[in-house]
Amino acid sequence: MNARTFSSLLICTATLWSPIAASAADKVKVAAAFGTIWTSAQPAFCKDRGEFAKADLDVEIFTTRGGSETVQAVITGGTDIGYGPGINAVIAAYMQGANIKIVAGYFKGQNDSFFYVPVDSPIKSIDDISNISVAFSRPGSVSEQILLALKSERHLNFTTVSAGGLDTTFTMTMTKQVDVGYSIPPAVLEAVEKGQVRVVFTGDAVPSLRNITSRVTITRDDFISTRRSIATKFMQVLNSCIDWMYANPPQAAKMFAALNNVSESIATRAISFYPREAMVFAPIAGFEQSIQDALDNKFIDKKPTEKQIKSMIDLIVH
């Protein structure tokens with residue numbers, strides 16, 4: 001066999017085997033709300049560590065600005081899984097006819113959300129939040145849910161402003177376009193340490209939201225019905241990856257710091273906002289209350305029937 005023949009044989013062999021190798025991994029597209037925060041960054045960390053690849057999953061991750069934007073990414077078919085949309089946005093979309101299902105939780109409680117002001121602001125405490133403007137991310141997001149509940153439970157009167165991404169919100173707050181900004185760690189923590197801004201209150205200021213699943217994981221009906229085993233495998237691998245991150249704090253802090261271009265001390269402080277027990281995929285805690293909140297805050301105009309509630313939730317991880 002001459003060199004040319006041998007070379008041709010190698011090319012033919014590579015051609016024959018390449019499609020087989022490429023088809024071995026199942027493709028999954030994931031929309032992660034605010035992809036650089038600790039909770040939403042977990043799929044990226046899992047991918048970087050090669051855990052999805054080991055499970056024959058080819059995971060592609062897209063970042064959204066939370067709330068309805070994450071839900072829309074799933075509804076339109078741009079992604080298969082929505083990781084972290086606020087539960088109000090999900091309930092509203094379902095009641096408007098979206099063919100989606102809640103397949104897992106994401107985060108319980110609101111202790112990772114905080115609201116801040118420039119250090120020279122006259123606003124000193126939550127009691128000063130009256131007749132001012134307060135930022136949230138996107139309609140149906142957790143940040144909006146917190147503010148609506150705060151208005152109701154504390155009888156406060158203020159204007160809510162959808163500011164979009166965390167960087168945009170910070171700019172709007174520092175330039176006084178809004179009076180109070182909103183953030184999720186590690187964003188803005190460096191400014192807090194430098195004394196540029198002051199935290200006024202956190203999501204835990206709303207007692208009724210502390211023990212509910214505030215953000216969830218969703219898919220389309222067609223994805224879960226035709227690729228259920230793939231979705232289940234994705235969530236199982238991801239759950240194991242999250243366990244690894246909490247079992248290895250130094251490595252986790254280093255990875256999180258690099259992702260956000262912050263110091264490891266800032267990263268470690270940010271991670272402290274997220275207890276492992278809050279990042280559970282099941283059960284969906286306080287779902288009846290979430291439905292009532294969505295109704296009270298006019299995300300939906302009628303309560304879903306028991307049949308609709310049963311159809312809305314199809315947990316694949318227990």
# chains A, B, ... in the order shown; residues from 1 in each chain; ligands from 1
$ select_by_dssp --residues "segment 198-307 of chain A" --states "alpha helix (DSSP H)" --output "number ranges by chain"
A: 221-226, 228-247, 249-260, 264-271, 287-296, 306-307
$ residues_around --residues "Thr159 of chain A" --least-positions-apart "5" --cutoff "12 Å" --atoms "only C-alpha atoms" --output "list in words"
Ile129, Ser130, Asn131, Ile132, Ser133, Val134, Ala135, Phe136, Glu144, Leu147, Leu148, Leu150, Lys151, Val178, Asp179 and Val180 of chain A
$ closest_residue --among "A:Gly195, A:Pro275, A:Pro249, A:Gly86" --to "Arg138 of chain A" --atoms "only C-alpha atoms"
A:Gly86
$ residues_around --residues "segment 29-45 of chain A" --least-positions-apart "5" --cutoff "6 Å" --atoms "only C-alpha atoms" --output "list of chain:residue names"
A:Val59, A:Glu60, A:Ile61, A:Phe62, A:Thr63, A:Thr64, A:Arg65, A:Gly66, A:Thr79, A:Asp80, A:Ile81, A:Gly82, A:Tyr83, A:Gly84
$ write_last_selection --atoms "N, CA and C atoms" --output "compact mmCIF listing (two decimals), in the first residue's frame"
# COMPACT_ATOMS: atom_id res chain seq x y z
N VAL A 59 -24.20 20.13 25.85
CA VAL A 59 -25.00 21.21 26.41
C VAL A 59 -24.53 22.57 25.91
N GLU A 60 -25.47 23.32 25.36
CA GLU A 60 -25.19 24.69 24.92
C GLU A 60 -25.98 25.64 25.81
N ILE A 61 -25.29 26.65 26.34
CA ILE A 61 -25.89 27.53 27.34
C ILE A 61 -26.03 28.95 26.82
N PHE A 62 -27.21 29.51 27.00
CA PHE A 62 -27.49 30.88 26.62
C PHE A 62 -27.90 31.66 27.86
N THR A 63 -27.51 32.92 27.95
CA THR A 63 -27.82 33.75 29.11
C THR A 63 -28.97 34.70 28.80
N THR A 64 -29.93 34.81 29.73
CA THR A 64 -31.03 35.76 29.58
C THR A 64 -31.00 36.75 30.74
N ARG A 65 -31.93 37.70 30.70
CA ARG A 65 -32.04 38.69 31.77
C ARG A 65 -33.15 38.34 32.76
N GLY A 66 -33.52 37.07 32.77
CA GLY A 66 -34.47 36.58 33.77
C GLY A 66 -35.92 36.75 33.38
N THR A 79 -34.49 27.41 23.00
CA THR A 79 -33.79 26.54 23.95
C THR A 79 -34.75 25.43 24.40
N ASP A 80 -34.18 24.38 24.96
CA ASP A 80 -34.99 23.25 25.43
C ASP A 80 -35.38 23.40 26.89
N ILE A 81 -34.48 23.95 27.68
CA ILE A 81 -34.68 24.06 29.13
C ILE A 81 -34.48 25.51 29.55
N GLY A 82 -35.38 25.99 30.40
CA GLY A 82 -35.25 27.32 30.99
C GLY A 82 -34.86 27.15 32.44
N TYR A 83 -33.67 27.59 32.80
CA TYR A 83 -33.12 27.37 34.14
C TYR A 83 -33.15 28.66 34.94
N GLY A 84 -34.15 28.79 35.82
CA GLY A 84 -34.18 29.92 36.73
C GLY A 84 -35.18 31.03 36.49
$ closest_residue --among "A:Phe273, A:Phe234, A:Phe114, A:Phe170" --to "Glu51 of chain A" --atoms "only C-alpha atoms"
A:Phe234
$ select_by_dssp --residues "segment 110-236 of chain A" --states "strand (DSSP E)" --output "MDAnalysis selection string"
chainID A and resid 114:118 133:136 159:162 181:183 197:202 213:220
$ residues_around --residues "Ala55 of chain A" --least-positions-apart "5" --cutoff "10 Å" --atoms "only C-alpha atoms" --output "list in words"
Ala25, Asp26, Gly50, Lys233, Phe234 and Val237 of chain A
$ residues_around --residues "segment 259-266 of chain A" --least-positions-apart "6" --cutoff "9 Å" --atoms "only C-alpha atoms" --output "VMD selection string"
chain A and resid 36 to 37 41 185 to 187 189 to 190 193 250 253
$ write_last_selection --atoms "N, CA and C atoms" --output "PDB file, in the first residue's frame"
ATOM      1  N   THR A  36     -24.250  34.574  35.170  1.00  0.00           N
ATOM      2  CA  THR A  36     -23.040  34.721  35.980  1.00  0.00           C
ATOM      3  C   THR A  36     -23.322  34.667  37.481  1.00  0.00           C
ATOM      4  N   ILE A  37     -24.581  34.549  37.891  1.00  0.00           N
ATOM      5  CA  ILE A  37     -24.847  34.406  39.318  1.00  0.00           C
ATOM      6  C   ILE A  37     -24.627  32.949  39.720  1.00  0.00           C
ATOM      7  N   ALA A  41     -25.046  29.845  37.130  1.00  0.00           N
ATOM      8  CA  ALA A  41     -23.739  29.474  36.580  1.00  0.00           C
ATOM      9  C   ALA A  41     -23.466  27.983  36.687  1.00  0.00           C
ATOM     10  N   PRO A 185     -25.829  38.583  44.079  1.00  0.00           N
ATOM     11  CA  PRO A 185     -24.376  38.391  44.189  1.00  0.00           C
ATOM     12  C   PRO A 185     -23.811  37.567  43.024  1.00  0.00           C
ATOM     13  N   PRO A 186     -22.574  37.860  42.598  1.00  0.00           N
ATOM     14  CA  PRO A 186     -21.622  38.798  43.203  1.00  0.00           C
ATOM     15  C   PRO A 186     -21.727  40.222  42.680  1.00  0.00           C
ATOM     16  N   ALA A 187     -22.631  40.467  41.729  1.00  0.00           N
ATOM     17  CA  ALA A 187     -22.752  41.809  41.170  1.00  0.00           C
ATOM     18  C   ALA A 187     -22.977  42.823  42.288  1.00  0.00           C
ATOM     19  N   LEU A 189     -21.347  43.638  44.851  1.00  0.00           N
ATOM     20  CA  LEU A 189     -20.715  43.418  46.153  1.00  0.00           C
ATOM     21  C   LEU A 189     -19.388  44.176  46.278  1.00  0.00           C
ATOM     22  N   GLU A 190     -18.652  44.273  45.182  1.00  0.00           N
ATOM     23  CA  GLU A 190     -17.393  45.028  45.227  1.00  0.00           C
ATOM     24  C   GLU A 190     -17.663  46.498  45.510  1.00  0.00           C
ATOM     25  N   GLU A 193     -18.305  46.822  49.163  1.00  0.00           N
ATOM     26  CA  GLU A 193     -17.056  46.799  49.935  1.00  0.00           C
ATOM     27  C   GLU A 193     -16.290  48.118  49.827  1.00  0.00           C
ATOM     28  N   PRO A 250     -12.913  25.815  48.022  1.00  0.00           N
ATOM     29  CA  PRO A 250     -11.837  26.617  47.411  1.00  0.00           C
ATOM     30  C   PRO A 250     -11.892  26.611  45.876  1.00  0.00           C
ATOM     31  N   ALA A 253     -14.951  28.661  44.691  1.00  0.00           N
ATOM     32  CA  ALA A 253     -14.734  30.103  44.778  1.00  0.00           C
ATOM     33  C   ALA A 253     -13.822  30.587  43.649  1.00  0.00           C
TER      34      ALA A 253
END
